[in-house]
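Here's the structure, in structure tokens; my notes come after.
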Amino acid sequence: MCGIVAYIGHREACPIILKGLHRLEYRGYDSAGVALLNGTLSVYKKKGKVNDLENFIAGKDLHAQIGMGHTRWATHGEPNDVNAHPHYSTSERIAIIHNGIIENYASLKTHLQQQGHVFHSDTDTEVFVNLIEEIQSKNNCSLEEAVRLALHEVVGAYAIVVLSKDAPNQLIAARKGSPLVIGVGQNEFFLASDATPIIEYTNEVVYVNDYEIVVIRDGKMDIQSKEAVQQTPYIQKLELALDSIEKGGYEHFMLKEIFEQPRSILDSMRGRLELKSGHLNMAGARAYEQKFIHAQRIIIVACGTSWHAGLVAEYLLEDLARIPVEVEYASEFRYRNPVLTERDIVIAISQSGETADTLAAIELAKSKGATIFGICNVVGSSIARATDAGAYTHAGPEIGVASTKAFTAQVTVLTLLAMIVGSKRGTLTDTKLRELMVELDTIPAKVEKALQLDTEIQQISEIFKDASNFLYLGRGYNFPVALEGALKLKEISYIHAEGYPAAEMKHGPIALIDENMPVVVIATKDQSYEKVVSNIQEVKARKGRIIAVVTEGDEVIPQMAEFVIEVPATSDVLMPLVSVVPLQLLSYHIAVMRGCNVDQPRNLAKSVTVE
């Protein structure tokens, strides 16, 4: 959600912080601000974009070698200048930036008001900084100790950075449940919500763990637990190239990421699909092979697009490995009392590896004794560290808020997992396994071919850009694709869209169909093809405007549909990797034609790190 950037070292802090905030814009935000420490502690903040903040501070004295910046996504309090971060304490001697939610802020605020603290915003964050000041004043202790004691009193999630006018060479940070990474340079340190603002300066990073407090002072970094126990930082090398977080000549990150899919799918298979030797490898699953072989059930937990990838995996795992699968919204799963045993495997899927609800679902499942297998894209992320085992998708950074290449990378990894488990369980014959391996190897080229439909899809988009509603229909493996197509359109064009199993249309949605209703039908050649043809006839009889995604060479559906998009033929099992591409392009072009902010759609954040 919110974005955090901070710097302490020998350079000018403000340009580094502002550039870092621009790098984090993809996370979603409604206001931005900076705090600079140079004898005085100066806070500048503004509702709107980082560009608005830059215009606001133009001409001011911004000289400082210590500072922090923030992009806020509103939770407590509407988006405005006052609620923007950073926040001062009542005395304006301490400032804080915060990503997360303090659940007990109301009771803390009442107590602090009774102690004379004055509040100017509606945020829970201002309560946090005043709590630190109150503790420091009451106990006559160091800022470091005040922060540590405050963390024992707050309930919720946080990643914080704290500066104090009384500690001019010191920066303090802490985290619980919200991501925080530290870049380690030569006598300088960079802090951020993820690595994108850091990679330009150093590739050595430390991922801060939950309940850890970081104190950086006089060129040295000290990490302790909340109980003041010294921690040894583990410095990792970033495998991230600067050009991977640039647009590379594309108008938007989303379009770049759609067109990166042939490569990202290939990268997801690299080292795992060995066609010449006929072997499949997934190191993360190897140690838990027996768990998968004897699993009585697999539960998949995820949110948003990752949940749709989980639905594809349900078909894959039940079809190829013959294991019962349940797909759960992590946000609902965590508040139930699910029946789990040691023979259950929970697969947690998240692009960022920081999704708060998915992390909470993991902790719940672990408490019940289940084995946790994580699938995420970000090395060193919280989910990667919280799970028993897992696999990275290796899709590379995804900057666009609307997920595209992450979806196909997740489905690719889940396909490989289903093939491996099916082979080990003996439910997938060697012949069928070989056939799928050969076909999976061709998918990057088939996605590349589907991307050549871009101009054709752009023309269709022009016709439907002013529609108020869309209906997406699919069956079997293409049903989750229909859901994903509808979500993409909603996310970035703000057109109401719904995805349905095609057979369910008669149980309600058919009432919506008239001459103004665009209906996108994923109707590729599979075992449900004849049934989908019947569904198309039903839509046509009610004058619905049909956009059909079909297999190349189809001669039946073009006679019925108003618009036809042909994709390369492939196995039913692998079709979602191909059929989703035209839907991504359709949503992108419609959104652009409607003048929407494609990469940063309103109200949305890339990483949902709070409930």
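FYI, nothing fancy with the structure tokens labels: chains A, B, ... in order, residues from 1 per chain, ligands from 1 as they appear.
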**Those of region 461-611 of chain A in DSSP helix (DSSP H, G or I), formatted as a PyMOL selection string** = chain A and resi 461-464+478-493+502-507+509-512+529-541+557-559+572-593
Using only C-alpha atoms, what table do you get, as CSV, when you list each residue of region 339-403 of chain A with an atom no more than 9 Å from region 410-428 of chain A, its nearest pair of atoms, and their distance in Å rounded to one decimal, rows by chain then rising number?
residue,atom,partner,partner_atom,distance
A:Ile349,CA,A:Gln410,CA,7.8
A:Ser350,CA,A:Gln410,CA,8.7
A:Gln351,CA,A:Gln410,CA,8.2
A:Ile375,CA,A:Gln410,CA,7.2
A:Cys376,CA,A:Gln410,CA,7.7
A:Asn377,CA,A:Gln410,CA,8.5
A:Ala391,CA,A:Val413,CA,7.6
A:Tyr392,CA,A:Val413,CA,8.3
A:Thr393,CA,A:Gln410,CA,6.1
A:Ala395,CA,A:Gln410,CA,8.7
Residues just named, written with N, CA and C atoms as a short mmCIF file (atom, residue, chain, number, x, y, z; two decimals), in the first residue's frame:
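Resulting contents of again-v2.cif:
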data_model
loop_
_atom_site.label_atom_id
_atom_site.label_comp_id
_atom_site.auth_asym_id
_atom_site.auth_seq_id
_atom_site.Cartn_x
_atom_site.Cartn_y
_atom_site.Cartn_z
N ILE A 349 -0.44 -18.04 -2.64
CA ILE A 349 0.01 -17.39 -3.87
C ILE A 349 -0.08 -15.88 -3.70
N SER A 350 1.00 -15.19 -4.05
CA SER A 350 1.02 -13.72 -3.96
C SER A 350 2.12 -13.19 -4.87
N GLN A 351 1.81 -12.19 -5.68
CA GLN A 351 2.83 -11.58 -6.52
C GLN A 351 3.91 -10.94 -5.67
N ILE A 375 4.06 -19.50 -3.35
CA ILE A 375 4.42 -19.13 -4.72
C ILE A 375 4.35 -17.61 -4.80
N CYS A 376 5.50 -16.98 -5.00
CA CYS A 376 5.52 -15.52 -5.09
C CYS A 376 6.62 -15.08 -6.04
N ASN A 377 6.66 -13.78 -6.29
CA ASN A 377 7.55 -13.23 -7.31
C ASN A 377 8.75 -12.51 -6.71
N ALA A 391 8.21 -21.78 -4.38
CA ALA A 391 8.84 -21.54 -5.68
C ALA A 391 8.65 -20.08 -6.06
N TYR A 392 9.71 -19.47 -6.54
CA TYR A 392 9.60 -18.12 -7.10
C TYR A 392 9.15 -18.22 -8.55
N THR A 393 8.37 -17.24 -8.96
CA THR A 393 7.89 -17.24 -10.35
C THR A 393 8.93 -16.66 -11.32
N ALA A 395 9.21 -13.76 -12.57
CA ALA A 395 8.60 -12.95 -13.62
C ALA A 395 9.28 -11.59 -13.78
#
Need the shell around Val301 (chain A): protein/DNA/RNA residues with any atom at most 8 Å away, counting only C-alpha atoms. Skip same-chain ones fewer than 3 positions apart. Format as a compact mmCIF listing (two decimals) with all heavy atoms, in the first residue's frame?
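Now in around_38.txt:
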# COMPACT_ATOMS: atom_id res chain seq x y z
N TRP A 307 -5.80 -15.23 -6.79
CA TRP A 307 -6.90 -16.16 -6.52
C TRP A 307 -7.36 -16.81 -7.82
O TRP A 307 -7.68 -18.00 -7.86
CB TRP A 307 -8.04 -15.42 -5.83
CG TRP A 307 -9.17 -16.28 -5.36
CD1 TRP A 307 -9.18 -17.10 -4.27
CD2 TRP A 307 -10.46 -16.43 -5.98
NE1 TRP A 307 -10.41 -17.73 -4.16
CE2 TRP A 307 -11.21 -17.33 -5.20
CE3 TRP A 307 -11.05 -15.86 -7.10
CZ2 TRP A 307 -12.52 -17.68 -5.51
CZ3 TRP A 307 -12.36 -16.22 -7.42
CH2 TRP A 307 -13.07 -17.13 -6.63
N GLY A 310 -5.08 -19.42 -8.66
CA GLY A 310 -5.39 -20.57 -7.81
C GLY A 310 -6.55 -21.39 -8.35
O GLY A 310 -6.54 -22.63 -8.23
N VAL A 327 -10.12 -23.72 -3.15
CA VAL A 327 -9.50 -22.40 -3.37
C VAL A 327 -10.24 -21.39 -2.52
O VAL A 327 -11.45 -21.23 -2.63
CB VAL A 327 -9.56 -22.00 -4.86
CG1 VAL A 327 -8.80 -20.69 -5.09
CG2 VAL A 327 -8.97 -23.10 -5.74
N GLU A 328 -9.50 -20.72 -1.65
CA GLU A 328 -10.09 -19.83 -0.66
C GLU A 328 -9.57 -18.41 -0.83
O GLU A 328 -8.39 -18.20 -1.10
CB GLU A 328 -9.71 -20.30 0.77
CG GLU A 328 -10.15 -21.70 1.11
CD GLU A 328 -11.55 -21.75 1.68
OE1 GLU A 328 -12.20 -20.68 1.75
OE2 GLU A 328 -12.00 -22.85 2.06
N TYR A 329 -10.48 -17.44 -0.66
CA TYR A 329 -10.02 -16.07 -0.50
C TYR A 329 -9.29 -16.00 0.84
O TYR A 329 -9.85 -16.34 1.89
CB TYR A 329 -11.20 -15.10 -0.47
CG TYR A 329 -11.82 -14.81 -1.81
CD1 TYR A 329 -13.12 -15.23 -2.11
CD2 TYR A 329 -11.13 -14.09 -2.78
CE1 TYR A 329 -13.70 -14.95 -3.33
CE2 TYR A 329 -11.70 -13.80 -4.02
CZ TYR A 329 -12.99 -14.23 -4.29
OH TYR A 329 -13.57 -13.95 -5.50
N ALA A 330 -8.04 -15.55 0.81
CA ALA A 330 -7.28 -15.48 2.06
C ALA A 330 -7.97 -14.59 3.09
O ALA A 330 -7.92 -14.86 4.29
CB ALA A 330 -5.87 -14.96 1.77
N PHE A 333 -10.65 -16.88 4.60
CA PHE A 333 -10.08 -18.06 5.23
C PHE A 333 -9.53 -17.74 6.62
O PHE A 333 -9.72 -18.51 7.57
CB PHE A 333 -8.96 -18.60 4.34
CG PHE A 333 -8.28 -19.83 4.84
CD1 PHE A 333 -8.84 -21.08 4.64
CD2 PHE A 333 -7.06 -19.75 5.51
CE1 PHE A 333 -8.20 -22.23 5.10
CE2 PHE A 333 -6.42 -20.89 5.96
CZ PHE A 333 -7.00 -22.13 5.75
N VAL A 346 -1.21 -26.36 2.22
CA VAL A 346 -1.76 -25.05 1.87
C VAL A 346 -0.79 -24.38 0.91
O VAL A 346 0.39 -24.20 1.22
CB VAL A 346 -1.97 -24.18 3.12
CG1 VAL A 346 -2.37 -22.76 2.73
CG2 VAL A 346 -3.03 -24.80 4.03
N ILE A 347 -1.29 -24.02 -0.27
CA ILE A 347 -0.49 -23.27 -1.24
C ILE A 347 -0.91 -21.81 -1.17
O ILE A 347 -2.08 -21.48 -1.39
CB ILE A 347 -0.68 -23.82 -2.67
CG1 ILE A 347 -0.22 -25.28 -2.76
CG2 ILE A 347 0.09 -22.96 -3.68
CD1 ILE A 347 -0.43 -25.92 -4.12
N ALA A 348 0.03 -20.96 -0.82
CA ALA A 348 -0.23 -19.52 -0.72
C ALA A 348 0.37 -18.83 -1.94
O ALA A 348 1.56 -18.99 -2.23
CB ALA A 348 0.36 -18.95 0.56
N ILE A 349 -0.44 -18.04 -2.64
CA ILE A 349 0.01 -17.39 -3.87
C ILE A 349 -0.08 -15.88 -3.70
O ILE A 349 -1.11 -15.34 -3.28
CB ILE A 349 -0.86 -17.81 -5.08
CG1 ILE A 349 -1.02 -19.33 -5.14
CG2 ILE A 349 -0.26 -17.30 -6.38
CD1 ILE A 349 -2.02 -19.80 -6.19
N THR A 358 -3.07 -12.89 3.03
CA THR A 358 -2.44 -14.18 2.71
C THR A 358 -1.43 -14.56 3.79
O THR A 358 -1.33 -15.73 4.19
CB THR A 358 -1.78 -14.13 1.32
OG1 THR A 358 -2.76 -13.69 0.36
CG2 THR A 358 -1.26 -15.49 0.91
N ALA A 361 -3.37 -15.84 6.67
CA ALA A 361 -3.87 -17.19 6.39
C ALA A 361 -2.76 -18.22 6.57
O ALA A 361 -3.00 -19.33 7.05
CB ALA A 361 -4.43 -17.24 4.97
**Prompt:** Using only C-alpha atoms, which of A:Ala32, A:Ile547, A:Val325, A:Ala285 sits nearest Ile299 (chain A)?
**Reply:** A:Val325
**Request:** Excluding region 548-558 of chain A and any residue of its chain fewer than 6 positions from it, enumerate the residues within 12 Å of it, using only C-alpha atoms, and give them as a PyMOL selection string.
**Result:** chain A and resi 446+449-450+453+457+460+471-474+478+481-482+485+518-526+529-530+532-537+539-540+564-572+575-576+578-583+586
**Prompt:** What is the distance, in Å and to one decimal place, between CA of Arg475 (chain A) and CA of Lys490 (chain A)?
**Reply:** 20.7 Å
**Request:** Between A:Ala35, A:Leu604, A:Ala356, A:Val43, single out the one closest to Cys303 (chain A), counting only C-alpha atoms.
**Result:**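 For Cys303 (chain A), the nearest of the given residues is A:Ala356.
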**Complete:** Counting only C-alpha atoms, closest pick from A:Arg286, A:Ser528, A:His70, A:Ile383 relative to Ala192 (chain A) is A:His70
**Polymer residues at most 10 Å from region 126-135 of chain A, only C-alpha atoms, same-chain spacing of 5 or more positions, as number ranges by chain** = A: 83, 85-98, 102, 104-113, 115-121, 140-151, 153-154, 160, 162, 164
**Asked** Smallest atom-to-atom distance to Ala409 (chain A): which of A:Ile265, A:Ala321, A:Ala360, A:Met505, using only C-alpha atoms?
**Response**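 Ranked by minimum distance to Ala409 (chain A), first place goes to A:Ile265.
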**Message:** My list of candidates is A:Gln136, A:Val438, A:Thr40, A:Leu574. Which is closest to Lys276 (chain A) when distances are computed with only C-alpha atoms?
**Reply:**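 With only C-alpha atoms as the atom set, the closest residue is A:Val438.
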